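Peer 1: This is target.txt, which holds compact mmCIF, N, CA and C atoms:
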```txt
# COMPACT_ATOMS: atom_id res chain seq x y z
N MET A 18 -31.44 13.40 193.22
CA MET A 18 -30.37 13.80 194.10
C MET A 18 -29.33 12.69 194.11
N ALA A 19 -28.09 13.07 193.99
CA ALA A 19 -27.00 12.10 193.98
C ALA A 19 -26.57 11.77 195.40
N LYS A 20 -26.12 10.57 195.57
CA LYS A 20 -25.58 10.18 196.87
C LYS A 20 -24.20 10.77 197.04
N LEU A 21 -23.80 10.92 198.29
CA LEU A 21 -22.44 11.37 198.55
C LEU A 21 -21.48 10.29 198.09
N ARG A 22 -20.42 10.70 197.45
CA ARG A 22 -19.42 9.73 197.02
C ARG A 22 -18.05 10.27 197.34
N ARG A 23 -17.16 9.38 197.61
CA ARG A 23 -15.78 9.77 197.92
C ARG A 23 -15.00 9.81 196.62
N VAL A 24 -14.25 10.89 196.44
CA VAL A 24 -13.40 11.05 195.28
C VAL A 24 -12.01 11.38 195.79
N LYS A 25 -11.05 10.60 195.40
CA LYS A 25 -9.67 10.90 195.80
C LYS A 25 -8.99 11.61 194.65
N ARG A 26 -8.45 12.76 194.94
CA ARG A 26 -7.73 13.56 193.95
C ARG A 26 -6.31 13.76 194.45
N SER A 27 -5.38 13.60 193.59
CA SER A 27 -4.01 13.92 193.97
C SER A 27 -3.40 14.77 192.88
N GLY A 28 -2.67 15.77 193.29
CA GLY A 28 -2.01 16.66 192.35
C GLY A 28 -0.63 16.12 192.05
N LYS A 29 0.36 16.88 192.41
CA LYS A 29 1.74 16.46 192.21
C LYS A 29 2.09 15.36 193.21
N ARG A 30 3.16 14.66 192.95
CA ARG A 30 3.55 13.56 193.83
C ARG A 30 3.90 14.02 195.23
N SER A 31 4.32 15.27 195.37
CA SER A 31 4.73 15.76 196.69
C SER A 31 3.53 16.06 197.59
N THR A 32 2.31 16.19 197.01
CA THR A 32 1.14 16.46 197.82
C THR A 32 0.37 15.17 198.06
N PRO A 33 -0.11 14.96 199.28
CA PRO A 33 -0.88 13.74 199.56
C PRO A 33 -2.25 13.79 198.90
N ALA A 34 -2.87 12.64 198.72
CA ALA A 34 -4.21 12.55 198.14
C ALA A 34 -5.21 13.20 199.09
N VAL A 35 -6.16 13.93 198.55
CA VAL A 35 -7.17 14.61 199.34
C VAL A 35 -8.50 13.89 199.15
N SER A 36 -9.11 13.51 200.24
CA SER A 36 -10.40 12.85 200.17
C SER A 36 -11.48 13.91 200.25
N ARG A 37 -12.44 13.87 199.32
CA ARG A 37 -13.52 14.85 199.32
C ARG A 37 -14.83 14.16 199.02
N ASP A 38 -15.89 14.67 199.61
CA ASP A 38 -17.24 14.18 199.35
C ASP A 38 -17.90 15.15 198.40
N VAL A 39 -18.61 14.62 197.40
CA VAL A 39 -19.26 15.46 196.40
C VAL A 39 -20.72 15.05 196.31
N ARG A 40 -21.61 16.02 196.41
CA ARG A 40 -23.04 15.79 196.23
C ARG A 40 -23.49 16.65 195.04
N ILE A 41 -24.14 16.01 194.07
CA ILE A 41 -24.54 16.71 192.85
C ILE A 41 -26.05 16.62 192.72
N ARG A 42 -26.68 17.78 192.46
CA ARG A 42 -28.13 17.85 192.26
C ARG A 42 -28.44 18.69 191.04
N GLU A 43 -29.32 18.20 190.18
CA GLU A 43 -29.71 18.99 189.02
C GLU A 43 -30.83 19.93 189.43
N LYS A 44 -30.75 21.17 188.95
CA LYS A 44 -31.74 22.20 189.25
C LYS A 44 -32.43 22.65 187.97
N ASP A 45 -33.54 23.35 188.10
CA ASP A 45 -34.26 23.90 186.96
C ASP A 45 -33.57 25.18 186.49
N PRO A 46 -33.08 25.22 185.23
CA PRO A 46 -32.35 26.40 184.76
C PRO A 46 -33.19 27.67 184.76
N ARG A 47 -34.49 27.55 184.53
CA ARG A 47 -35.35 28.74 184.53
C ARG A 47 -35.48 29.35 185.91
N LEU A 48 -35.49 28.51 186.94
CA LEU A 48 -35.57 29.04 188.32
C LEU A 48 -34.26 29.69 188.74
N ILE A 49 -33.14 29.13 188.30
CA ILE A 49 -31.84 29.65 188.70
C ILE A 49 -31.44 30.87 187.88
N CYS A 50 -31.65 30.81 186.55
CA CYS A 50 -31.11 31.83 185.64
C CYS A 50 -32.15 32.80 185.08
N GLY A 51 -33.41 32.49 185.21
CA GLY A 51 -34.44 33.39 184.69
C GLY A 51 -35.17 32.81 183.49
N LYS A 52 -36.28 33.44 183.18
CA LYS A 52 -37.20 32.95 182.15
C LYS A 52 -36.58 32.90 180.76
N GLY A 53 -35.80 33.88 180.36
CA GLY A 53 -35.26 33.96 179.02
C GLY A 53 -33.86 33.39 178.87
N THR A 54 -33.47 32.47 179.73
CA THR A 54 -32.10 31.96 179.73
C THR A 54 -31.82 31.03 178.55
N THR A 55 -30.57 30.99 178.13
CA THR A 55 -30.14 30.03 177.12
C THR A 55 -29.48 28.82 177.77
N VAL A 56 -29.39 28.80 179.09
CA VAL A 56 -28.82 27.67 179.82
C VAL A 56 -29.79 26.51 179.75
N THR A 57 -29.27 25.34 179.36
CA THR A 57 -30.13 24.16 179.23
C THR A 57 -30.09 23.25 180.45
N ARG A 58 -28.96 23.23 181.16
CA ARG A 58 -28.84 22.40 182.37
C ARG A 58 -28.04 23.16 183.43
N VAL A 59 -28.44 22.97 184.70
CA VAL A 59 -27.74 23.57 185.84
C VAL A 59 -27.62 22.50 186.91
N PHE A 60 -26.44 22.40 187.49
CA PHE A 60 -26.19 21.47 188.58
C PHE A 60 -25.60 22.22 189.76
N ARG A 61 -26.06 21.85 190.95
CA ARG A 61 -25.48 22.39 192.18
C ARG A 61 -24.58 21.31 192.74
N VAL A 62 -23.33 21.66 192.96
CA VAL A 62 -22.33 20.71 193.46
C VAL A 62 -21.88 21.17 194.84
N GLU A 63 -22.06 20.29 195.80
CA GLU A 63 -21.60 20.57 197.17
C GLU A 63 -20.37 19.70 197.40
N GLU A 64 -19.26 20.34 197.64
CA GLU A 64 -17.98 19.64 197.80
C GLU A 64 -17.51 19.82 199.24
N ARG A 65 -17.25 18.70 199.89
CA ARG A 65 -16.78 18.75 201.28
C ARG A 65 -15.48 17.98 201.39
N SER A 66 -14.56 18.57 202.09
CA SER A 66 -13.34 17.86 202.46
C SER A 66 -13.18 18.02 203.96
N LYS A 67 -12.09 17.53 204.48
CA LYS A 67 -11.89 17.56 205.93
C LYS A 67 -11.96 18.96 206.51
N ASP A 68 -11.39 19.93 205.80
CA ASP A 68 -11.28 21.27 206.38
C ASP A 68 -12.03 22.37 205.64
N ARG A 69 -12.82 22.02 204.60
CA ARG A 69 -13.55 23.07 203.90
C ARG A 69 -14.82 22.55 203.23
N ARG A 70 -15.69 23.48 202.89
CA ARG A 70 -16.94 23.17 202.21
C ARG A 70 -17.15 24.24 201.14
N VAL A 71 -17.35 23.81 199.90
CA VAL A 71 -17.49 24.74 198.78
C VAL A 71 -18.73 24.37 197.98
N MET A 72 -19.50 25.38 197.60
CA MET A 72 -20.67 25.19 196.74
C MET A 72 -20.33 25.69 195.34
N HIS A 73 -20.81 24.98 194.33
CA HIS A 73 -20.59 25.35 192.93
C HIS A 73 -21.91 25.31 192.19
N LEU A 74 -22.04 26.16 191.18
CA LEU A 74 -23.12 26.04 190.20
C LEU A 74 -22.45 25.77 188.86
N VAL A 75 -22.83 24.66 188.24
CA VAL A 75 -22.26 24.26 186.95
C VAL A 75 -23.35 24.38 185.90
N PHE A 76 -23.03 25.07 184.80
CA PHE A 76 -24.00 25.39 183.76
C PHE A 76 -23.62 24.72 182.44
N LEU A 77 -24.63 24.41 181.63
CA LEU A 77 -24.43 24.00 180.24
C LEU A 77 -25.28 24.91 179.38
N ASP A 78 -24.62 25.59 178.44
CA ASP A 78 -25.34 26.41 177.46
C ASP A 78 -24.61 26.34 176.13
N ARG A 79 -24.90 27.25 175.24
CA ARG A 79 -24.30 27.21 173.91
C ARG A 79 -22.78 27.37 173.93
N HIS A 80 -22.23 27.84 175.03
CA HIS A 80 -20.79 28.00 175.17
C HIS A 80 -20.11 26.76 175.75
N GLY A 81 -20.89 25.79 176.19
CA GLY A 81 -20.36 24.56 176.77
C GLY A 81 -20.53 24.52 178.28
N TRP A 82 -19.76 23.66 178.92
CA TRP A 82 -19.81 23.48 180.37
C TRP A 82 -18.91 24.48 181.07
N TYR A 83 -19.41 25.05 182.16
CA TYR A 83 -18.58 25.94 182.99
C TYR A 83 -19.19 26.07 184.38
N CYS A 84 -18.32 26.40 185.31
CA CYS A 84 -18.72 26.63 186.70
C CYS A 84 -18.65 28.12 186.96
N GLU A 85 -19.31 28.56 188.00
CA GLU A 85 -19.21 29.96 188.38
C GLU A 85 -17.79 30.32 188.77
N HIS A 86 -16.97 29.32 189.09
CA HIS A 86 -15.57 29.55 189.46
C HIS A 86 -14.63 29.41 188.26
N GLY A 87 -15.15 29.09 187.09
CA GLY A 87 -14.33 28.96 185.88
C GLY A 87 -14.53 27.61 185.21
N SER A 88 -14.17 27.53 183.95
CA SER A 88 -14.39 26.30 183.19
C SER A 88 -13.43 25.18 183.59
N GLU A 89 -12.33 25.51 184.25
CA GLU A 89 -11.36 24.50 184.67
C GLU A 89 -11.61 23.98 186.09
N CYS A 90 -12.72 24.38 186.69
CA CYS A 90 -13.06 23.96 188.05
C CYS A 90 -13.30 22.45 188.10
N GLU A 91 -12.89 21.81 189.18
CA GLU A 91 -13.09 20.36 189.36
C GLU A 91 -14.56 19.98 189.34
N ALA A 92 -15.45 20.88 189.73
CA ALA A 92 -16.87 20.58 189.76
C ALA A 92 -17.41 20.29 188.36
N VAL A 93 -16.87 20.93 187.33
CA VAL A 93 -17.28 20.67 185.95
C VAL A 93 -16.97 19.23 185.60
N LYS A 94 -15.78 18.77 185.96
CA LYS A 94 -15.39 17.38 185.68
C LYS A 94 -16.27 16.40 186.45
N ASP A 95 -16.61 16.74 187.69
CA ASP A 95 -17.47 15.88 188.50
C ASP A 95 -18.85 15.74 187.87
N VAL A 96 -19.42 16.84 187.39
CA VAL A 96 -20.76 16.80 186.78
C VAL A 96 -20.74 16.01 185.48
N ARG A 97 -19.73 16.23 184.67
CA ARG A 97 -19.65 15.51 183.39
C ARG A 97 -19.53 14.00 183.61
N LYS A 98 -18.81 13.59 184.66
CA LYS A 98 -18.74 12.17 185.02
C LYS A 98 -20.08 11.66 185.53
N PHE A 99 -20.75 12.50 186.31
CA PHE A 99 -22.03 12.14 186.92
C PHE A 99 -23.11 11.85 185.88
N ILE A 100 -23.16 12.63 184.80
CA ILE A 100 -24.25 12.46 183.83
C ILE A 100 -23.98 11.38 182.80
N ARG A 101 -22.79 10.84 182.76
CA ARG A 101 -22.51 9.74 181.83
C ARG A 101 -23.15 8.46 182.26
```
Just dump the structure as structure tokens.

Peer 2:
Amino acid sequence: MAKLRRVKRSGKRSTPAVSRDVRIREKDPRLICGKGTTVTRVFRVEERSKDRRVMHLVFLDRHGWYCEHGSECEAVKDVRKFIR
């Protein structure tokens, strides 16, 4: 289990930096996706900011890394940083 860490993200210059807490945990792909899955790794990402809380599932399979919310989701970038 990963410790909570603060990540500051800023978009355009006109928007202020947003502080968010991210917790990343690796899960068993067979339990999440089923016995015959081609997914090799699954991570659950819990993202908290001041006013919202979002859960993500990030997968790695033959198609590459992707989140249930899309391959461009910030959670994919967080997981890839986490495993390095």

Peer 1: Compare A:Arg70, A:Asp78, A:Glu64, A:Arg37 by their minimum atom-to-atom distance to Cys50 of chain A, counting only C-alpha atoms, and give me the closest one.

Peer 2: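 With only C-alpha atoms as the atom set, the closest residue is A:Asp78.
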
Peer 1: Check the smallest atom-to-atom distance from each of A:Arg58, A:His80, A:Lys67, A:Lys52 to Val96 of chain A using only C-alpha atoms, then report the winner.

Peer 2: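 The closest residue to Val96 of chain A is A:Arg58.
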
Peer 1: Show which residues sit within 7 Å of Val75 of chain A, as a tab-separated table (two decimals) with N, CA and C atoms, in the frame of the given file. Count all atoms listed in the file, and ignore same-chain residues fewer than 3 positions away.

Peer 2:
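After the write, selection_14.tsv holds the following:
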```tsv
chain	number	residue	atom	x	y	z
A	58	ARG	N	-28.96	23.23	181.16
A	58	ARG	CA	-28.84	22.40	182.37
A	58	ARG	C	-28.04	23.16	183.43
A	59	VAL	N	-28.44	22.97	184.70
A	59	VAL	CA	-27.74	23.57	185.84
A	59	VAL	C	-27.62	22.50	186.91
A	60	PHE	N	-26.44	22.40	187.49
A	60	PHE	CA	-26.19	21.47	188.58
A	60	PHE	C	-25.60	22.22	189.76
A	61	ARG	N	-26.06	21.85	190.95
A	61	ARG	CA	-25.48	22.39	192.18
A	61	ARG	C	-24.58	21.31	192.74
A	62	VAL	N	-23.33	21.66	192.96
A	62	VAL	CA	-22.33	20.71	193.46
A	62	VAL	C	-21.88	21.17	194.84
A	82	TRP	N	-19.76	23.66	178.92
A	82	TRP	CA	-19.81	23.48	180.37
A	82	TRP	C	-18.91	24.48	181.07
A	83	TYR	N	-19.41	25.05	182.16
A	83	TYR	CA	-18.58	25.94	182.99
A	83	TYR	C	-19.19	26.07	184.38
A	84	CYS	N	-18.32	26.40	185.31
A	84	CYS	CA	-18.72	26.63	186.70
A	84	CYS	C	-18.65	28.12	186.96
A	85	GLU	N	-19.31	28.56	188.00
A	85	GLU	CA	-19.21	29.96	188.38
A	85	GLU	C	-17.79	30.32	188.77
A	92	ALA	N	-15.45	20.88	189.73
A	92	ALA	CA	-16.87	20.58	189.76
A	92	ALA	C	-17.41	20.29	188.36
A	93	VAL	N	-16.87	20.93	187.33
A	93	VAL	CA	-17.28	20.67	185.95
A	93	VAL	C	-16.97	19.23	185.60
```

Peer 1: Using all atoms listed in the file and a cutoff of 8 Å, can you tell me which residues are near (-14.0, 18.8, 199.9) in the file's coordinates, and write them out as a PyMOL selection string?

Peer 2: chain A and resi 35-39+63-71

Peer 1: What is the atom C of Arg101 of chain A-atom CA of Ser88 of chain A distance in Å, reported with one decimal?

Peer 2: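 It comes out at 19.9 Å.
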
Peer 1: DSSP on the backbone: which residues in segment 29-71 of chain A end up as helix (DSSP H, G or I)? Give the answer as a ChimeraX atom specification.

Peer 2: /A:46-50

Peer 1: Any idea what the distance is between atom C of Ile41 of chain A and atom N of Thr54 of chain A?

Peer 2: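 If I compute the distance from atom C of Ile41 of chain A to atom N of Thr54 of chain A, I get 21.8 Å.
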
Peer 1: Just to confirm, what's the straight-line distance from atom CA of Cys90 of chain A to atom N of Leu74 of chain A in Å (one decimal)?

Peer 2: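 Interatomic distance, atom CA of Cys90 of chain A to atom N of Leu74 of chain A: 9.8 Å.
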
Peer 1: Nearest residue to Asp45 of chain A out of A:His73, A:Phe99, A:Arg79, A:Thr57, using all atoms listed in the file?

Peer 2: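 Ranking A:His73, A:Phe99, A:Arg79, A:Thr57 by distance to Asp45 of chain A, first place goes to A:Thr57.
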